[in-house]
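Below is query.txt, which holds compact mmCIF, C-alpha atoms and all ligand atoms.
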```txt
# COMPACT_ATOMS: atom_id res chain seq x y z
CA MET A 1 0.00 0.00 0.00
CA ARG A 2 2.51 2.65 -1.17
CA VAL A 3 2.16 6.20 -2.35
CA PRO A 4 1.90 6.53 -6.13
CA GLY A 5 3.84 8.96 -8.28
CA ALA A 6 2.01 12.13 -7.24
CA PHE A 7 3.15 11.71 -3.67
CA GLY A 8 6.49 10.28 -4.64
CA THR A 9 8.51 12.92 -2.82
CA ARG A 10 7.17 11.78 0.53
CA PRO A 11 8.93 9.04 2.46
CA LEU A 12 7.30 5.96 0.97
CA ASP A 13 6.39 4.09 4.09
CA ARG A 14 5.03 7.01 6.02
CA PHE A 15 1.92 7.93 4.05
CA ARG A 16 -1.09 6.12 2.77
CA ILE A 17 -2.87 6.94 -0.44
CA LEU A 18 -6.49 8.03 -0.59
CA PRO A 19 -7.66 7.53 -4.17
CA ASP A 20 -11.32 8.06 -3.34
CA HIS A 21 -12.57 11.10 -1.45
CA ARG A 22 -15.34 9.03 0.20
CA VAL A 23 -12.72 7.35 2.34
CA ALA A 24 -12.14 10.61 4.18
CA GLN A 25 -15.66 10.45 5.63
CA SER A 26 -14.79 7.54 7.86
CA PRO A 27 -13.12 7.62 11.25
CA TRP A 28 -10.69 4.81 10.61
CA CYS A 29 -10.60 4.94 6.83
CA ALA A 30 -9.51 8.57 7.09
CA GLN A 31 -6.40 7.21 8.71
CA LEU A 32 -5.45 5.65 5.40
CA CYS A 33 -4.39 9.10 4.22
CA SER A 34 -2.76 10.19 7.45
CA PRO A 35 0.94 10.35 8.08
CA VAL A 36 2.01 7.00 9.41
CA GLY A 37 4.60 7.15 12.12
CA GLY A 38 3.68 10.57 13.49
CA ASP A 39 6.16 13.38 13.02
CA ALA A 40 9.49 13.25 11.29
CA GLY A 41 11.07 11.87 14.45
CA GLY A 42 9.01 8.61 14.30
CA PRO A 43 10.60 5.19 14.08
CA LEU A 44 12.66 4.46 10.99
CA VAL A 45 11.46 1.84 8.53
CA GLY A 46 14.33 -0.40 9.46
CA SER A 47 13.20 -0.62 13.05
CA MET A 48 9.60 -1.33 12.18
CA THR A 49 7.71 -4.57 12.34
CA ARG A 50 6.85 -5.35 8.74
CA VAL A 51 3.40 -6.89 8.29
CA LEU A 52 2.31 -8.08 4.85
CA CYS A 53 -1.49 -8.40 4.69
CA ALA A 54 -2.41 -10.95 2.03
CA PHE A 55 -5.88 -11.61 0.67
CA GLY A 56 -7.68 -12.39 -2.56
CA THR A 57 -11.48 -12.42 -2.38
CA ARG A 58 -14.28 -9.98 -1.55
CA PRO A 59 -15.05 -11.29 1.96
CA GLU A 60 -11.35 -11.35 2.90
CA ALA A 61 -10.91 -7.80 1.65
CA ILE A 62 -13.94 -6.56 3.62
CA LYS A 63 -12.61 -8.20 6.78
CA MET A 64 -8.98 -7.14 6.27
CA ALA A 65 -9.63 -3.52 5.29
CA PRO A 66 -10.16 -2.37 8.90
CA VAL A 67 -6.96 -4.17 9.95
CA VAL A 68 -4.93 -2.63 7.11
CA ALA A 69 -6.19 0.82 8.09
CA GLU A 70 -5.43 0.31 11.77
CA LEU A 71 -1.96 -1.14 11.18
CA GLY A 72 -1.27 1.88 8.99
CA THR A 73 -1.77 4.20 11.97
CA ARG A 74 0.80 2.46 14.16
CA PRO A 75 4.17 4.21 14.14
CA GLY A 76 6.10 1.01 14.71
CA ILE A 77 4.41 -1.04 12.02
CA ASP A 78 5.17 -1.01 8.31
CA CYS A 79 2.01 -2.43 6.73
CA SER A 80 1.92 -3.51 3.10
CA VAL A 81 -0.72 -5.34 1.07
CA ALA A 82 -0.48 -8.24 -1.37
CA VAL A 83 -3.57 -9.40 -3.24
CA THR A 84 -3.84 -12.66 -5.12
CA ALA A 85 -7.05 -11.56 -6.88
CA GLN A 86 -8.50 -15.05 -6.52
CA HIS A 87 -11.70 -13.13 -7.37
CA ARG A 88 -10.79 -10.15 -9.52
CA GLU A 89 -13.80 -7.85 -9.88
CA LEU A 90 -15.42 -8.44 -6.52
CA LEU A 91 -12.06 -7.81 -4.86
CA ASP A 92 -11.29 -4.63 -6.78
CA GLU A 93 -14.61 -3.07 -5.83
CA VAL A 94 -13.79 -3.53 -2.13
CA LEU A 95 -10.24 -2.21 -2.53
CA ASP A 96 -11.67 0.88 -4.18
CA LEU A 97 -14.32 1.42 -1.50
CA PHE A 98 -11.77 1.27 1.30
CA GLY A 99 -9.08 3.16 -0.59
CA ILE A 100 -6.51 0.39 -0.55
CA LEU A 101 -3.81 0.32 -3.26
CA PRO A 102 -2.05 -3.03 -3.08
CA ASP A 103 1.75 -3.11 -3.18
CA HIS A 104 1.71 -6.51 -4.88
CA ASP A 105 -0.87 -8.13 -7.13
CA LEU A 106 -0.46 -11.78 -8.13
CA ASP A 107 -3.55 -11.59 -10.38
CA VAL A 108 -4.08 -15.36 -10.31
CA MET A 109 -7.72 -15.59 -11.37
CA THR A 110 -8.64 -17.59 -14.46
CA ALA A 111 -11.99 -18.78 -15.83
CA ALA A 112 -13.40 -21.91 -14.18
CA GLN A 113 -10.45 -22.16 -11.81
CA THR A 114 -10.22 -25.03 -9.35
CA PRO A 115 -8.91 -24.65 -5.80
CA SER A 116 -5.79 -26.64 -6.76
CA GLU A 117 -5.05 -24.33 -9.68
CA VAL A 118 -5.43 -21.26 -7.49
CA ALA A 119 -3.20 -22.79 -4.80
CA ALA A 120 -0.59 -23.80 -7.38
CA ARG A 121 -0.40 -20.31 -8.87
CA ILE A 122 -0.08 -18.69 -5.46
CA LEU A 123 2.53 -21.15 -4.20
CA GLY A 124 4.47 -20.66 -7.42
CA ASN A 125 4.70 -16.92 -6.77
CA VAL A 126 4.84 -16.56 -3.02
CA GLY A 127 8.59 -17.17 -2.74
CA ASP A 128 9.41 -14.21 -5.01
CA LEU A 129 6.80 -12.06 -3.30
CA LEU A 130 8.27 -12.71 0.14
CA ALA A 131 11.81 -12.21 -1.09
CA LYS A 132 10.81 -8.83 -2.52
CA SER A 133 8.70 -7.62 0.41
CA ASP A 134 10.75 -9.23 3.20
CA PRO A 135 8.04 -9.14 5.88
CA ASP A 136 8.35 -10.17 9.52
CA TRP A 137 4.76 -11.37 9.40
CA VAL A 138 2.29 -12.48 6.77
CA LEU A 139 -1.26 -11.79 7.93
CA VAL A 140 -4.03 -13.83 6.30
CA GLN A 141 -7.77 -13.91 6.88
CA GLY A 142 -10.29 -16.72 7.07
CA ASP A 143 -10.40 -19.89 5.07
CA THR A 144 -9.99 -19.24 1.38
CA THR A 145 -7.49 -21.02 -0.84
CA THR A 146 -5.61 -17.70 -0.86
CA ALA A 147 -5.31 -17.74 2.95
CA MET A 148 -4.19 -21.37 2.95
CA ALA A 149 -1.61 -21.03 0.16
CA MET A 150 -0.20 -17.71 1.41
CA ALA A 151 0.13 -19.09 4.94
CA LEU A 152 1.80 -22.26 3.70
CA GLY A 153 4.15 -20.30 1.47
CA ALA A 154 5.12 -18.03 4.36
CA PHE A 155 5.73 -21.06 6.52
CA HIS A 156 7.98 -22.58 3.85
CA ALA A 157 9.92 -19.29 3.70
CA GLY A 158 10.31 -19.12 7.47
CA VAL A 159 8.06 -16.06 7.81
CA ARG A 160 5.71 -15.89 10.78
CA VAL A 161 1.99 -16.13 10.07
CA GLY A 162 -0.89 -14.31 11.75
CA HIS A 163 -4.43 -15.55 11.16
CA VAL A 164 -7.45 -13.26 11.37
CA GLU A 165 -10.74 -15.09 12.07
CA ALA A 166 -8.96 -18.17 13.40
CA GLY A 167 -10.62 -21.19 14.96
CA LEU A 168 -13.87 -21.55 13.01
CA ARG A 169 -14.75 -25.23 12.60
CA THR A 170 -17.64 -27.37 11.45
CA GLY A 171 -15.75 -30.57 12.22
CA ASP A 172 -16.65 -31.86 8.74
CA ARG A 173 -13.82 -31.80 6.18
CA LEU A 174 -16.26 -31.60 3.28
CA HIS A 175 -18.49 -28.80 4.63
CA PRO A 176 -17.69 -26.14 3.74
CA PHE A 177 -15.49 -27.35 0.90
CA PRO A 178 -12.62 -26.61 0.67
CA GLU A 179 -12.72 -24.01 3.46
CA GLU A 180 -12.77 -26.36 6.45
CA VAL A 181 -9.47 -27.91 5.37
CA ASN A 182 -8.02 -24.53 4.33
CA ARG A 183 -8.54 -23.06 7.79
CA ARG A 184 -7.12 -26.11 9.55
CA VAL A 185 -3.96 -25.82 7.43
CA VAL A 186 -3.64 -22.14 8.34
CA SER A 187 -4.04 -22.96 12.04
CA MET A 188 -1.25 -25.53 11.81
CA VAL A 189 1.27 -23.03 10.45
CA ALA A 190 0.16 -19.84 12.19
CA ASP A 191 2.10 -18.24 15.05
CA LEU A 192 -0.66 -15.83 16.14
CA HIS A 193 -4.33 -16.76 16.03
CA PHE A 194 -6.91 -13.95 16.16
CA ALA A 195 -10.05 -15.80 17.22
CA PRO A 196 -13.28 -13.83 16.71
CA THR A 197 -15.09 -15.45 19.63
CA ALA A 198 -14.48 -17.51 22.76
CA SER A 199 -15.78 -20.65 21.08
CA ALA A 200 -13.35 -20.20 18.16
CA ARG A 201 -10.58 -19.95 20.76
CA ALA A 202 -11.85 -23.14 22.41
CA ASN A 203 -11.66 -24.95 19.03
CA LEU A 204 -8.02 -23.96 18.67
CA LEU A 205 -7.12 -25.02 22.21
CA ALA A 206 -8.84 -28.37 21.64
CA GLU A 207 -6.45 -28.93 18.72
CA GLY A 208 -3.45 -28.35 20.98
CA ILE A 209 -2.67 -24.79 19.93
CA ASP A 210 -0.82 -22.83 22.60
CA ASP A 211 -3.21 -20.59 24.53
CA ALA A 212 -0.58 -17.83 24.61
CA SER A 213 -0.76 -17.54 20.82
CA VAL A 214 -4.56 -17.09 20.71
CA ILE A 215 -6.20 -13.68 21.12
CA VAL A 216 -9.96 -13.22 21.14
CA THR A 217 -10.66 -10.06 19.14
CA GLY A 218 -14.22 -10.08 17.81
CA ASN A 219 -14.78 -10.26 14.07
CA THR A 220 -13.40 -7.45 11.93
CA VAL A 221 -16.48 -7.62 9.70
CA VAL A 222 -18.36 -5.76 12.43
CA ASP A 223 -15.74 -2.98 12.21
CA ALA A 224 -16.27 -2.85 8.43
CA PHE A 225 -20.06 -2.94 8.68
CA VAL A 226 -20.22 -0.14 11.27
CA GLU A 227 -17.84 1.98 9.24
CA ILE A 228 -19.59 1.55 5.89
CA SER A 229 -23.13 1.89 7.31
CA ALA A 230 -22.23 5.41 8.41
CA ARG A 231 -21.60 6.51 4.83
CA PRO A 232 -24.38 7.95 2.65
CA PHE A 233 -26.30 5.38 0.62
CA ASP A 234 -28.12 5.97 -2.63
CA THR A 235 -29.26 3.29 -5.06
CA THR A 236 -28.78 5.55 -8.12
CA GLY A 237 -26.46 3.92 -10.60
CA THR A 238 -26.36 0.64 -8.65
CA PRO A 239 -28.11 -2.64 -9.55
CA LEU A 240 -30.73 -1.67 -6.93
CA GLU A 241 -31.85 1.38 -8.89
CA GLY A 242 -35.55 0.99 -9.64
CA VAL A 243 -36.13 -1.80 -7.10
CA PRO A 244 -38.96 -0.56 -4.82
CA LEU A 245 -37.16 -1.42 -1.58
CA GLY A 246 -39.69 0.36 0.62
CA GLU A 247 -42.70 -1.60 -0.70
CA GLY A 248 -43.60 -4.60 1.46
CA ARG A 249 -41.33 -6.76 3.56
CA LEU A 250 -37.86 -7.10 2.08
CA VAL A 251 -36.10 -10.46 2.11
CA VAL A 252 -32.43 -10.47 1.13
CA LEU A 253 -31.13 -13.70 -0.34
CA THR A 254 -27.48 -14.65 -0.92
CA ALA A 255 -26.43 -18.19 -1.86
CA HIS A 256 -23.41 -19.53 -3.67
CA ARG A 257 -21.54 -22.10 -1.55
CA ARG A 258 -19.67 -24.63 -3.61
CA GLU A 259 -21.09 -27.59 -1.70
CA SER A 260 -24.68 -26.41 -2.32
CA LEU A 261 -24.34 -26.23 -6.11
CA GLY A 262 -26.82 -28.37 -8.02
CA ALA A 263 -29.88 -29.88 -6.35
CA PRO A 264 -29.56 -28.23 -2.88
CA LEU A 265 -29.33 -24.75 -4.36
CA ARG A 266 -32.27 -25.33 -6.71
CA GLU A 267 -34.37 -26.60 -3.82
CA ALA A 268 -33.54 -23.51 -1.76
CA PHE A 269 -34.60 -21.35 -4.72
CA GLN A 270 -37.87 -23.30 -4.98
CA ALA A 271 -38.50 -22.49 -1.32
CA VAL A 272 -38.02 -18.80 -2.07
CA ARG A 273 -40.52 -19.04 -4.92
CA ALA A 274 -43.03 -20.75 -2.62
CA LEU A 275 -42.60 -17.99 -0.03
CA VAL A 276 -43.21 -15.17 -2.45
CA GLU A 277 -46.30 -16.96 -3.75
CA ARG A 278 -47.60 -17.45 -0.18
CA TYR A 279 -47.01 -13.86 1.04
CA ASP A 280 -48.10 -11.13 -1.33
CA ASP A 281 -46.22 -8.40 0.59
CA LEU A 282 -42.82 -10.07 0.24
CA ARG A 283 -40.13 -8.70 -2.03
CA ILE A 284 -36.97 -10.72 -2.55
CA VAL A 285 -33.68 -9.16 -3.61
CA TYR A 286 -30.95 -11.60 -4.60
CA PRO A 287 -27.56 -10.25 -5.68
CA VAL A 288 -26.56 -13.27 -7.75
CA HIS A 289 -22.96 -14.46 -7.46
CA PRO A 290 -21.13 -14.48 -10.83
CA ASN A 291 -20.42 -18.24 -10.67
CA PRO A 292 -22.18 -19.54 -13.85
CA ASP A 293 -23.62 -22.56 -12.01
CA VAL A 294 -25.25 -20.27 -9.45
CA ARG A 295 -26.52 -17.82 -12.06
CA GLY A 296 -27.93 -20.62 -14.23
CA ALA A 297 -29.96 -22.13 -11.38
CA ALA A 298 -31.08 -18.73 -10.05
CA PHE A 299 -32.42 -17.47 -13.37
CA ASP A 300 -33.95 -20.85 -14.18
CA VAL A 301 -35.97 -21.13 -10.94
CA LEU A 302 -36.50 -17.47 -9.99
CA GLY A 303 -35.92 -15.51 -13.19
CA GLN A 304 -39.59 -14.94 -14.07
CA VAL A 305 -41.08 -14.73 -10.60
CA ASP A 306 -42.98 -11.58 -9.65
CA ARG A 307 -41.43 -9.58 -6.76
CA VAL A 308 -38.15 -11.50 -7.03
CA HIS A 309 -35.31 -9.21 -8.13
CA LEU A 310 -32.20 -10.99 -9.37
CA VAL A 311 -29.52 -8.32 -9.49
CA SER A 312 -25.79 -8.24 -10.15
CA PRO A 313 -23.43 -8.52 -7.17
CA LEU A 314 -23.62 -5.31 -5.17
CA ASP A 315 -20.78 -3.10 -4.14
CA TYR A 316 -20.32 -3.39 -0.37
CA ARG A 317 -21.88 0.02 0.37
CA SER A 318 -25.03 -0.97 -1.49
CA PHE A 319 -25.17 -4.39 0.11
CA VAL A 320 -24.87 -2.90 3.59
CA GLY A 321 -27.64 -0.44 2.69
CA LEU A 322 -29.83 -3.28 1.42
CA LEU A 323 -29.20 -5.33 4.56
CA SER A 324 -30.10 -2.39 6.75
CA GLN A 325 -33.55 -2.23 5.14
CA ALA A 326 -34.19 -5.97 5.20
CA HIS A 327 -36.90 -7.69 7.21
CA LEU A 328 -35.31 -11.12 6.88
CA VAL A 329 -32.13 -12.63 5.42
CA LEU A 330 -31.77 -16.05 3.79
CA THR A 331 -28.11 -16.84 3.24
CA ASP A 332 -25.36 -19.40 3.10
CA SER A 333 -22.71 -16.72 3.58
CA GLY A 334 -20.57 -16.51 6.68
CA GLY A 335 -19.99 -12.78 6.56
CA VAL A 336 -23.67 -11.99 6.10
CA GLN A 337 -24.53 -14.04 9.22
CA GLU A 338 -22.04 -11.92 11.14
CA GLU A 339 -23.27 -8.59 9.75
CA ALA A 340 -27.06 -9.02 9.84
CA PRO A 341 -27.32 -8.96 13.67
CA SER A 342 -25.72 -5.51 13.61
CA ALA A 343 -28.64 -4.40 11.42
CA GLY A 344 -31.16 -6.18 13.70
CA VAL A 345 -32.22 -8.58 10.94
CA PRO A 346 -32.96 -12.28 11.63
CA VAL A 347 -31.01 -14.77 9.52
CA LEU A 348 -32.05 -18.18 8.23
CA VAL A 349 -28.90 -20.09 7.28
CA LEU A 350 -29.24 -22.21 4.14
CA ARG A 351 -26.73 -24.82 5.28
CA ASP A 352 -26.74 -28.10 7.19
CA VAL A 353 -23.70 -27.39 9.35
CA THR A 354 -22.21 -24.18 10.64
CA GLU A 355 -18.90 -22.95 11.97
CA ARG A 356 -20.75 -20.03 13.54
CA PRO A 357 -22.66 -21.57 16.47
CA GLU A 358 -22.57 -18.26 18.35
CA ALA A 359 -25.25 -16.82 16.05
CA ILE A 360 -27.54 -19.76 16.74
CA GLU A 361 -26.87 -19.59 20.49
CA ALA A 362 -27.39 -15.82 20.59
CA GLY A 363 -30.66 -16.29 18.69
CA THR A 364 -29.72 -14.07 15.75
CA ALA A 365 -29.70 -16.98 13.25
CA ARG A 366 -31.33 -20.37 12.68
CA LEU A 367 -29.85 -23.23 10.68
CA VAL A 368 -32.47 -24.40 8.17
CA GLY A 369 -30.53 -26.36 5.52
CA THR A 370 -31.56 -26.40 1.88
CA THR A 371 -34.74 -28.49 2.10
CA ALA A 372 -37.69 -26.52 0.74
CA THR A 373 -40.21 -27.56 3.40
CA ARG A 374 -37.85 -26.60 6.23
CA ILE A 375 -36.98 -23.24 4.73
CA VAL A 376 -40.62 -22.37 4.04
CA SER A 377 -41.72 -23.41 7.51
CA ALA A 378 -38.94 -21.52 9.34
CA ALA A 379 -39.49 -18.38 7.25
CA SER A 380 -43.28 -18.57 7.63
CA ARG A 381 -42.95 -18.73 11.42
CA LEU A 382 -40.97 -15.48 11.41
CA LEU A 383 -43.30 -13.84 8.91
CA ASP A 384 -46.44 -14.85 10.86
CA ASP A 385 -45.34 -14.65 14.47
CA ARG A 386 -44.36 -11.18 15.59
CA SER A 387 -42.88 -12.26 18.92
CA ALA A 388 -40.75 -15.03 17.34
CA TYR A 389 -39.51 -12.42 14.87
CA GLU A 390 -38.77 -9.78 17.52
CA ALA A 391 -36.86 -12.27 19.67
CA MET A 392 -34.45 -12.86 16.79
CA ALA A 393 -34.29 -9.26 15.63
CA ARG A 394 -33.50 -7.92 19.10
CA ALA A 395 -30.75 -10.44 19.97
CA SER A 396 -27.37 -8.76 20.20
CA ASN A 397 -24.51 -9.43 17.80
CA PRO A 398 -22.19 -12.11 19.24
CA TYR A 399 -19.44 -11.31 16.72
CA GLY A 400 -18.00 -8.20 18.21
CA ASP A 401 -18.11 -4.58 19.19
CA GLY A 402 -16.49 -3.04 16.10
CA ARG A 403 -13.04 -2.80 17.69
CA ALA A 404 -11.47 -6.07 16.53
CA ARG A 405 -8.95 -4.26 14.31
CA ILE A 406 -7.55 -2.44 17.34
CA ARG A 407 -6.95 -5.65 19.29
CA ILE A 408 -5.20 -7.17 16.30
CA ALA A 409 -2.93 -4.19 15.75
CA ASP A 410 -2.21 -4.03 19.50
CA ALA A 411 -0.87 -7.57 19.35
CA PHE A 412 1.70 -6.61 16.71
CA ASP A 413 2.61 -3.48 18.64
CA ALA A 414 2.99 -5.46 21.86
CA GLY A 415 5.23 -8.02 20.14
CA ARG A 416 7.77 -5.46 18.92
N1 LIG B 1 -21.52 -8.85 -0.10
C1 LIG B 1 -21.38 -7.75 -0.95
N2 LIG B 1 -22.17 -7.70 -2.08
C2 LIG B 1 -23.06 -8.67 -2.39
C3 LIG B 1 -23.19 -9.79 -1.52
C4 LIG B 1 -22.40 -9.85 -0.39
O1 LIG B 1 -20.58 -6.84 -0.70
O2 LIG B 1 -23.73 -8.56 -3.41
C5 LIG B 1 -20.65 -8.91 1.09
C6 LIG B 1 -21.35 -9.22 2.38
O3 LIG B 1 -21.75 -8.05 3.03
C7 LIG B 1 -20.31 -9.98 3.19
C8 LIG B 1 -19.46 -10.63 2.11
O4 LIG B 1 -19.74 -9.98 0.88
O5 LIG B 1 -19.47 -9.11 3.92
C9 LIG B 1 -19.83 -12.09 2.03
O6 LIG B 1 -19.17 -12.66 0.98
P1 LIG B 1 -19.39 -14.18 0.56
O7 LIG B 1 -20.81 -14.58 0.80
O8 LIG B 1 -18.83 -14.26 -0.81
O9 LIG B 1 -18.40 -14.98 1.47
P2 LIG B 1 -18.45 -15.62 2.92
O10 LIG B 1 -18.93 -14.58 3.87
O11 LIG B 1 -19.34 -16.80 2.90
O12 LIG B 1 -17.03 -15.97 3.18
```
Target encoding structure tokens, full file:
Amino acid sequence: MRVPGAFGTRPLDRFRILPDHRVAQSPWCAQLCSPVGGDAGGPLVGSMTRVLCAFGTRPEAIKMAPVVAELGTRPGIDCSVAVTAQHRELLDEVLDLFGILPDHDLDVMTAAQTPSEVAARILGNVGDLLAKSDPDWVLVQGDTTTAMAMALGAFHAGVRVGHVEAGLRTGDRLHPFPEEVNRRVVSMVADLHFAPTASARANLLAEGIDDASVIVTGNTVVDAFVEISARPFDTTGTPLEGVPLGEGRLVVLTAHRRESLGAPLREAFQAVRALVERYDDLRIVYPVHPNPDVRGAAFDVLGQVDRVHLVSPLDYRSFVGLLSQAHLVLTDSGGVQEEAPSAGVPVLVLRDVTERPEAIEAGTARLVGTTATRIVSAASRLLDDRSAYEAMARASNPYGDGRARIRIADAFDAGR
């Protein structure tokens, strides 16, 4: 995350670039353009702890952006960013929103890529990347193939690994696929584990990970959600333009998990169709993931259904705005389960297993699988029973207080 040509006369590691004026509206995003390291007497680059934040997909970028911004404010930390671009367009939109200019871009995405191909391309490049950037730490997030391959590459190069959102487990290697195995690999090679919740910490300890290396921080997605919700929101020029969001009860749908592709996804879509036919005040908005298998099934089952709006993936500001107006969320996404409680919106999780039991325990989410009858019955209960709905809507968010980024940066500061 270096200064481009226009700012080239400034000491490179002491300023952050702000390509988009919107960034200045935010408390912590504004720090992206602030002098890093305080006045001219601040620590020299050579004495800094060098942290390379590495990520490649939209959800990782959303969850790492607050950490990148916070690390950038710490005088003793030299923070740089490497993206793999495992997902190109969805990633770039988030980088732009948060004003992050990566220092390194591996640009690995290809059409119809498999997890092995992504991992191979990253592992083939990570040695050069680490030789060039020479970090003390590589910081990865979550459970993508990017996180796994970057962490493994750092381990091979003898560079310490920090893991944001550590310790999530379903206990089932195939669900989610390949994420459950990815995150276990990261845990095996990581030196610092930033667990979002106490139960994630407990999962790590149960695997024999040293308690001293685990820090419970909350989930950084709450930091991102709070930050972006505070910015102005207007649907003009977005895929939501023209969708009458204020008419009737709004249900937001997101679904694209690899292990749900095929029959489970189609059945979930049939449940959505049944719901909209049963309740004439329901309006469904589904930002459809670009994966052709997801798009094909979505347009096939829901394409011609009245009051169902299939729209292109939304930029994060628009998605947060949509979520804030929702009555109910149906999703198989992890991040959305963690964000919706901050908007006071009940979530029905379209999966059979979850690595996020806190949401179920706190009452903000219910696990309903992909069987049509179960989805319709769980949604109908919330749509018909005001007190059941209020109990879920009022439950507080178990994923954090919006200060996770500070605890993570503190750990690097404390370790200097
Ligand atoms: N999201 C977004 N635009 C959309 C749909 C989702 O910005 O059209 C955001 C959402 O707010 C959440 C993240 O993307 O933070 C979730 O991404 P995804 O479902 O791809 O991944 P997961 O959370 O399951 O890892």
Non-local contacts of region 237-248 of chain A (6 Å; only C-alpha atoms; under 2 positions in same chain excluded) as a CSV table (one decimal) with C-alpha atoms, in the coordinates of the input:
```
chain,number,residue,atom,x,y,z
A,235,THR,CA,-29.3,3.3,-5.1
A,281,ASP,CA,-46.2,-8.4,0.6
A,282,LEU,CA,-42.8,-10.1,0.2
A,311,VAL,CA,-29.5,-8.3,-9.5
```
Please report, as a tab-separated table, each residue of region 174-283 of chain A lying at most 10 Å from region 395-413 of chain A, together with the nearest pair of atoms and the separation in Å rounded to one decimal; use only C-alpha atoms, and order rows by chain and ascending residue number.
```
residue	atom	partner	partner_atom	distance
A:Leu192	CA	A:Ala411	CA	8.9
A:His193	CA	A:Ile408	CA	9.6
A:Phe194	CA	A:Ile408	CA	7.0
A:Ala195	CA	A:Ala404	CA	9.9
A:Pro196	CA	A:Tyr399	CA	6.7
A:Thr197	CA	A:Tyr399	CA	6.7
A:Ala198	CA	A:Tyr399	CA	10.0
A:Ile215	CA	A:Ile408	CA	8.2
A:Val216	CA	A:Arg407	CA	8.4
A:Thr217	CA	A:Ala404	CA	4.8
A:Gly218	CA	A:Gly400	CA	4.2
A:Asn219	CA	A:Tyr399	CA	5.5
A:Thr220	CA	A:Ala404	CA	5.2
A:Val221	CA	A:Gly402	CA	7.9
A:Val222	CA	A:Gly402	CA	4.9
A:Asp223	CA	A:Gly402	CA	4.0
A:Ala224	CA	A:Gly402	CA	7.7
A:Phe225	CA	A:Gly402	CA	8.2
A:Val226	CA	A:Gly402	CA	6.8
A:Glu227	CA	A:Gly402	CA	8.6
```
Within 10 Å of Phe299 (chain A), counting all atoms listed in the file, which residues qualify if same-chain residues fewer than 6 places away don't, as a short mmCIF file (atom, residue, chain, number, x, y, z; two decimals) with C-alpha atoms, in the frame of the given file?
```cif
data_model
loop_
_atom_site.label_atom_id
_atom_site.label_comp_id
_atom_site.auth_asym_id
_atom_site.auth_seq_id
_atom_site.Cartn_x
_atom_site.Cartn_y
_atom_site.Cartn_z
CA PHE A 269 -34.60 -21.35 -4.72
CA VAL A 288 -26.56 -13.27 -7.75
CA VAL A 305 -41.08 -14.73 -10.60
CA LEU A 310 -32.20 -10.99 -9.37
#
```
Item checked: 8 Å shell around ligand LIG 1 (chain B) using all atoms listed in the file, listed as a PyMOL selection string -> chain A and resi 57-60+62-63+90+94+142-144+221+225+254-257+286-289+312-320+332-337+339
Check: What lies within 12 Å of Leu275 (chain A) using only C-alpha atoms, ignoring chain neighbours under 2 positions off, as a PyMOL selection string?
Finding: chain A and resi 249+251+268-273+277-284+302+305-308+330+372-384
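When CA of Leu328 (chain A) is paired with CA of Leu250 (chain A), their separation reads 6.8 Å.
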Margin query: Just want the 9 Å neighbourhood of His104 (chain A), counted on all atoms listed in the file, with same-chain residues fewer than 3 positions away dropped. Output as a PyMOL selection string.
Written below: chain A and resi 1+80-84+101+129+133
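The space between CA of Pro264 (chain A) and CA of Ala166 (chain A) spans 28.1 Å.
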Note to self: Please compute the CA of Ser324 (chain A)-CA of Arg394 (chain A) distance, one decimal, in Å.
What the structure shows: 14.0 Å
Check: Pick the closest to Asp136 (chain A) from A:Gly296, A:Pro102, A:Gly158, A:Gly72: which is it, counting all atoms listed in the file?
Finding: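 Closest to Asp136 (chain A), using all atoms listed in the file: A:Gly158.
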Next item on the list: Tell me which protein, DNA and RNA residues are within 10 Å of Arg184 (chain A), counting only C-alpha atoms, leaving out same-chain ones fewer than 5 positions away, and put them as a list in words.
Entry: Asp143, Met148, Ala166, Gly167, Leu168, Arg169, Arg173, Glu179, Val189, Ala190, Leu204 and Glu207 of chain A
Next item on the list: Using all atoms listed in the file, find the one residue out of A:Glu259, A:Asp234, A:Glu117, A:Asp107 that sits nearest to Phe177 (chain A).
Entry: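 That would be A:Glu259, the residue with the smallest distance to Phe177 (chain A).
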